[in-house]
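A.B. asks: File query-v6.txt follows (compact mmCIF, C-alpha atoms and all ligand atoms):
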# COMPACT_ATOMS: atom_id res chain seq x y z
CA MET Y 980 -26.50 34.62 7.12
CA ALA Y 981 -27.74 32.19 9.76
CA GLY Y 982 -31.44 31.50 9.86
CA GLY Y 983 -33.49 32.58 12.83
CA MET Y 984 -33.06 31.48 16.39
CA PRO Y 985 -32.78 27.70 16.94
CA ASP Y 986 -35.53 26.08 18.97
CA ARG Y 987 -35.57 26.21 22.73
CA THR Y 988 -34.76 22.55 23.29
CA PHE Y 989 -31.58 22.92 21.28
CA LEU Y 990 -30.56 26.01 23.24
CA VAL Y 991 -31.34 24.39 26.59
CA ASN Y 992 -29.08 21.55 25.55
CA VAL Y 993 -26.17 23.76 24.53
CA PHE Y 994 -26.63 25.95 27.60
CA SER Y 995 -26.44 23.01 29.98
CA GLN Y 996 -23.29 21.76 28.27
CA VAL Y 997 -21.60 25.13 28.64
CA ASP Y 998 -22.82 25.68 32.22
CA ARG Y 999 -20.51 23.03 33.59
CA ASP Y 1000 -21.07 23.68 37.29
CA ARG Y 1001 -24.85 23.82 36.75
CA SER Y 1002 -25.14 27.18 38.47
CA GLY Y 1003 -27.75 28.31 35.95
CA ALA Y 1004 -25.41 30.96 34.58
CA ILE Y 1005 -22.42 30.94 32.26
CA ASP Y 1006 -19.34 32.71 33.58
CA ALA Y 1007 -16.26 33.84 31.67
CA LYS Y 1008 -14.37 30.64 32.42
CA GLU Y 1009 -17.16 28.40 31.19
CA LEU Y 1010 -17.64 30.47 28.05
CA GLN Y 1011 -13.92 30.47 27.36
CA SER Y 1012 -13.67 26.70 27.50
CA ALA Y 1013 -16.77 26.29 25.32
CA LEU Y 1014 -15.47 28.53 22.56
CA SER Y 1015 -12.86 27.16 20.24
CA ASN Y 1016 -10.26 28.40 17.79
CA GLY Y 1017 -9.94 24.92 16.41
CA ASN Y 1018 -6.20 24.91 17.09
CA TRP Y 1019 -6.00 23.97 20.78
CA THR Y 1020 -5.16 27.49 21.90
CA ALA Y 1021 -7.10 29.16 24.73
CA PHE Y 1022 -9.76 31.52 23.48
CA ASN Y 1023 -8.71 35.17 23.92
CA PRO Y 1024 -10.01 36.23 27.38
CA ASP Y 1025 -10.58 39.78 26.05
CA THR Y 1026 -12.98 38.43 23.44
CA VAL Y 1027 -14.78 36.39 26.11
CA ARG Y 1028 -15.10 39.47 28.33
CA LEU Y 1029 -16.35 41.48 25.39
CA MET Y 1030 -19.07 38.94 24.59
CA ILE Y 1031 -20.24 38.65 28.17
CA GLY Y 1032 -20.36 42.44 28.45
CA MET Y 1033 -22.40 42.62 25.27
CA PHE Y 1034 -25.12 40.17 26.28
CA ASP Y 1035 -25.14 40.38 30.07
CA ARG Y 1036 -28.17 42.66 30.21
CA LYS Y 1037 -28.70 42.22 33.95
CA GLY Y 1038 -25.12 43.19 34.77
CA THR Y 1039 -24.40 40.03 36.77
CA GLY Y 1040 -21.12 39.33 34.95
CA THR Y 1041 -22.57 36.06 33.71
CA ILE Y 1042 -24.97 34.91 31.00
CA ASN Y 1043 -28.25 33.35 32.07
CA PHE Y 1044 -30.48 31.29 29.81
CA ASP Y 1045 -32.59 34.25 28.66
CA GLU Y 1046 -29.47 36.05 27.52
CA PHE Y 1047 -27.91 32.94 26.02
CA GLY Y 1048 -29.96 32.80 22.79
CA SER Y 1049 -28.57 36.11 21.53
CA LEU Y 1050 -25.03 35.16 22.50
CA TRP Y 1051 -25.36 31.85 20.69
CA LYS Y 1052 -26.57 33.59 17.54
CA TYR Y 1053 -23.75 36.14 17.77
CA VAL Y 1054 -21.08 33.44 17.97
CA THR Y 1055 -22.66 31.40 15.17
CA ASP Y 1056 -22.87 34.42 12.87
CA TRP Y 1057 -19.21 35.22 13.52
CA GLN Y 1058 -18.26 31.60 12.82
CA GLN Y 1059 -20.00 31.76 9.45
CA CYS Y 1060 -18.41 35.08 8.69
CA PHE Y 1061 -14.97 33.78 9.64
CA ARG Y 1062 -15.36 30.66 7.52
CA SER Y 1063 -16.52 32.62 4.50
CA PHE Y 1064 -13.43 34.87 4.61
CA ASP Y 1065 -11.01 32.04 5.30
CA ARG Y 1066 -10.85 31.29 1.58
CA ASP Y 1067 -8.09 28.71 1.70
CA HIS Y 1068 -9.62 26.93 4.75
CA SER Y 1069 -6.38 27.29 6.67
CA GLY Y 1070 -8.31 27.96 9.89
CA ASN Y 1071 -6.99 31.50 10.12
CA ILE Y 1072 -7.26 34.78 8.29
CA SER Y 1073 -4.23 35.88 6.32
CA LYS Y 1074 -3.48 39.51 5.54
CA GLU Y 1075 -5.05 39.19 2.08
CA GLU Y 1076 -8.14 37.52 3.54
CA LEU Y 1077 -8.35 40.24 6.17
CA LYS Y 1078 -8.25 42.90 3.45
CA THR Y 1079 -11.16 41.27 1.66
CA ALA Y 1080 -13.14 40.94 4.88
CA ILE Y 1081 -12.60 44.48 6.04
CA THR Y 1082 -13.23 45.96 2.61
CA THR Y 1083 -16.48 43.99 2.49
CA PHE Y 1084 -17.45 45.58 5.82
CA GLY Y 1085 -17.09 48.95 4.09
CA TYR Y 1086 -13.73 50.20 5.38
CA ARG Y 1087 -10.93 51.55 3.19
CA PHE Y 1088 -7.42 51.31 4.59
CA SER Y 1089 -3.86 51.53 3.29
CA ASP Y 1090 -1.61 48.51 3.12
CA GLN Y 1091 0.40 49.91 6.05
CA PHE Y 1092 -2.64 49.85 8.28
CA TYR Y 1093 -3.25 46.17 7.49
CA GLU Y 1094 0.32 45.53 8.62
CA ILE Y 1095 -0.54 47.17 11.94
CA LEU Y 1096 -3.72 45.11 12.29
CA MET Y 1097 -1.82 41.92 11.56
CA ARG Y 1098 0.88 42.80 14.10
CA ARG Y 1099 -1.73 43.49 16.75
CA PHE Y 1100 -4.14 40.59 16.15
CA ASP Y 1101 -1.96 37.80 14.79
CA ARG Y 1102 -1.08 36.63 18.29
CA SER Y 1103 0.51 33.39 17.15
CA GLY Y 1104 2.87 35.36 14.90
CA LYS Y 1105 2.33 32.86 12.10
CA GLY Y 1106 0.82 35.22 9.58
CA GLY Y 1107 -2.81 34.48 10.35
CA ILE Y 1108 -5.52 35.73 12.67
CA TYR Y 1109 -7.53 33.11 14.53
CA PHE Y 1110 -11.26 33.20 15.25
CA ASP Y 1111 -11.12 34.95 18.65
CA ASP Y 1112 -8.74 37.65 17.48
CA PHE Y 1113 -10.67 38.14 14.26
CA ILE Y 1114 -13.79 39.00 16.29
CA GLN Y 1115 -11.68 41.25 18.50
CA CYS Y 1116 -10.18 43.02 15.50
CA CYS Y 1117 -13.57 43.69 13.86
CA VAL Y 1118 -15.21 44.84 17.10
CA VAL Y 1119 -12.34 47.19 17.95
CA LEU Y 1120 -12.47 48.70 14.47
CA HIS Y 1121 -16.22 49.12 14.69
CA THR Y 1122 -16.12 50.66 18.17
CA PHE Y 1123 -13.45 53.23 17.33
CA THR Y 1124 -15.04 54.02 13.97
CA GLN Y 1125 -18.30 54.78 15.75
CA ALA Y 1126 -16.52 56.94 18.33
CA PHE Y 1127 -14.78 58.78 15.51
CA SER Y 1128 -17.95 59.35 13.48
CA GLN Y 1129 -19.66 60.88 16.49
CA LEU Y 1130 -16.97 63.56 16.50
CA ASP Y 1131 -16.71 63.82 12.70
CA GLN Y 1132 -19.95 65.69 12.27
CA ASP Y 1133 -19.26 67.06 8.79
CA ARG Y 1134 -18.25 63.52 7.66
CA ASP Y 1135 -15.00 64.53 5.97
CA GLY Y 1136 -12.97 61.86 7.76
CA VAL Y 1137 -11.02 64.38 9.79
CA ILE Y 1138 -11.52 65.40 13.41
CA THR Y 1139 -9.78 67.97 15.58
CA ILE Y 1140 -9.74 67.00 19.21
CA GLY Y 1141 -8.01 68.29 22.31
CA TYR Y 1142 -5.63 66.30 24.47
CA GLU Y 1143 -8.14 65.47 27.18
CA GLN Y 1144 -10.83 64.62 24.67
CA PHE Y 1145 -8.39 62.24 23.01
CA LEU Y 1146 -7.65 60.53 26.31
CA HIS Y 1147 -11.35 60.36 27.01
CA LEU Y 1148 -11.86 58.59 23.69
CA VAL Y 1149 -9.14 56.06 24.44
CA PHE Y 1150 -10.10 55.32 28.03
CA SER Y 1151 -13.85 55.21 27.59
CA HIS Y 1152 -13.51 52.48 24.96
CA ARG Y 1153 -11.73 49.68 26.65
CA VAL Y 1154 -11.73 47.05 23.96
CA CA K 1 -21.98 28.23 35.67
CA CA K 2 -6.87 31.45 5.57
For this file, write the structure as structure tokens.
C.D. replies:
Amino acid sequence: MAGGMPDRTFLVNVFSQVDRDRSGAIDAKELQSALSNGNWTAFNPDTVRLMIGMFDRKGTGTINFDEFGSLWKYVTDWQQCFRSFDRDHSGNISKEELKTAITTFGYRFSDQFYEILMRRFDRSGKGGIYFDDFIQCCVVLHTFTQAFSQLDQDRDGVITIGYEQFLHLVFSHRV
């Protein structure tokens, strides 16, 4: 895992590079162009939105310097995680690599479900998931697993929910 927080001077430096218009806050556009998949594709705007939503404590829709440290650490930790599971250093996560990653996170899924994940998150259609979609995939899994466990009170992995409750679950977790 990454060490602690980097020093303030370093963060100030990175922040000012990302905050291109020098407004004192990082918006979705600035964050998107700062983040990289390493393959010249635009970073998934859903992942950008997700990150801003996660660290924008003041609800301004942007990230100010006080919020930036945690965002920086989050991105760096994901980068390390991504690199460690990209065993063949291809720059993306194959189905086999995804299996290893997700199993390491403590999930158990059938092969069929990995097919579904690949179809949904391999946006390039080349048999690999890039950095932005890898984050998206893991966060979506985590979010829905948490929502499920809240309803699965006896922890048997099965829930019975009504139609409206189901819709509520889907619509209240826009991921
Ligand atoms: Ca700005
Ligand atoms: Ca790979």
A.B. asks: Could you list, as JSON, numbers by chain, all the residues within 7 Å of ligand CA 1 (chain K), counting all atoms listed in the file?
C.D. replies: {"Y": [998, 999, 1000, 1001, 1002, 1003, 1004, 1005, 1006, 1009]}
A.B. asks: By how many Å are CA of Cys1060 in chain Y and CA of Leu1077 in chain Y apart?
C.D. replies: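 Pair CA of Cys1060 in chain Y / CA of Leu1077 in chain Y returns 11.6 Å.
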A.B. asks: Write out as a list in words which residues come within 9 Å of Tyr1053 in chain Y when counting all atoms listed in the file, dropping same-chain ones fewer than 5 positions away.
C.D. replies: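 Result of the neighbour search: Met1030, Gly1048 and Gln1058 of chain Y.
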A.B. asks: Determine, for each residue of chain Y having at least one atom at most 10 Å from an atom of ligand CA 2 (chain K), the closest pair of atoms and their separation in Å to one decimal, counting all atoms listed in the file; order by chain and ascending number, as CSV.
C.D. replies:
residue,atom,partner,partner_atom,distance
Y:Phe1061,CA,K:CA2,CA,9.4
Y:Arg1062,CA,K:CA2,CA,8.7
Y:Ser1063,CA,K:CA2,CA,9.8
Y:Phe1064,CA,K:CA2,CA,7.5
Y:Asp1065,CA,K:CA2,CA,4.2
Y:Arg1066,CA,K:CA2,CA,5.6
Y:Asp1067,CA,K:CA2,CA,4.9
Y:His1068,CA,K:CA2,CA,5.4
Y:Ser1069,CA,K:CA2,CA,4.3
Y:Gly1070,CA,K:CA2,CA,5.7
Y:Asn1071,CA,K:CA2,CA,4.6
Y:Ile1072,CA,K:CA2,CA,4.3
Y:Ser1073,CA,K:CA2,CA,5.2
Y:Lys1074,CA,K:CA2,CA,8.7
Y:Glu1075,CA,K:CA2,CA,8.7
Y:Glu1076,CA,K:CA2,CA,6.5
Y:Leu1077,CA,K:CA2,CA,8.9
Y:Gly1106,CA,K:CA2,CA,9.5
Y:Gly1107,CA,K:CA2,CA,7.0
Y:Ile1108,CA,K:CA2,CA,8.4
Y:Tyr1109,CA,K:CA2,CA,9.1
A.B. asks: Take every atom of range 1095-1112 of chain Y listed in the file, pad by 5 Å on each side, and give me the axis-aligned box centre and edge lengths in Å, one decimal, as JSON.
C.D. replies:
{"center_x": -4.2, "center_y": 40.0, "center_z": 14.1, "size_x": 24.1, "size_y": 24.3, "size_z": 19.1}
A.B. asks: To one decimal place in Å, what is the distance between CA of Thr1082 in chain Y and CA of Cys1116 in chain Y?
C.D. replies: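 CA of Thr1082 in chain Y sits 13.6 Å away from CA of Cys1116 in chain Y.
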A.B. asks: Figure out the distance between CA of Lys1078 in chain Y and CA of Phe1092 in chain Y, please, to one decimal in Å.
C.D. replies: 10.2 Å
A.B. asks: Which one of Y:Pro1024, Y:Trp1051, Y:Phe1088, Y:Lys1037 sits closest to Phe994 in chain Y if you count all atoms listed in the file?
C.D. replies: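 Using all atoms listed in the file, Phe994 in chain Y sits closest to Y:Trp1051.
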A.B. asks: Do you know which residues are at most 9 Å from Met1033 in chain Y counting only C-alpha atoms, after dropping those on the same chain fewer than 4 positions away, and could you put them as a PyMOL selection string?
C.D. replies: chain Y and resi 1028-1029+1050
A.B. asks: Check the smallest atom-to-atom distance from each of Y:Val991, Y:Ser1015, Y:Trp1057, Y:Ala1007 to Thr1041 in chain Y using only C-alpha atoms, then report the winner.
C.D. replies: Y:Ala1007
A.B. asks: List as a tab-separated table every residue of range 1015-1093 of chain Y that is in contact with range 1133-1153 of chain Y, defined as an atom at most 12 Å from one of its atoms (using all atoms listed in the file), together with the nearest atom pair and the distance in Å rounded to one decimal, sorted by chain and then rising number.
C.D. replies:
residue	atom	partner	partner_atom	distance
Y:Asp1025	CA	Y:Arg1153	CA	10.0
Y:Thr1026	CA	Y:Arg1153	CA	11.8
Y:Arg1028	CA	Y:Arg1153	CA	10.9
Y:Leu1029	CA	Y:Arg1153	CA	9.5
Y:Gly1032	CA	Y:Arg1153	CA	11.4
Y:Tyr1086	CA	Y:Gly1136	CA	11.9
Y:Arg1087	CA	Y:Gly1136	CA	11.5
A.B. asks: Considering all atoms listed in the file, can you say which of Y:Asp1112, Y:Phe1047, Y:Asp1101, Y:Gly1040 comes closest to Val993 in chain Y?
C.D. replies: Y:Phe1047
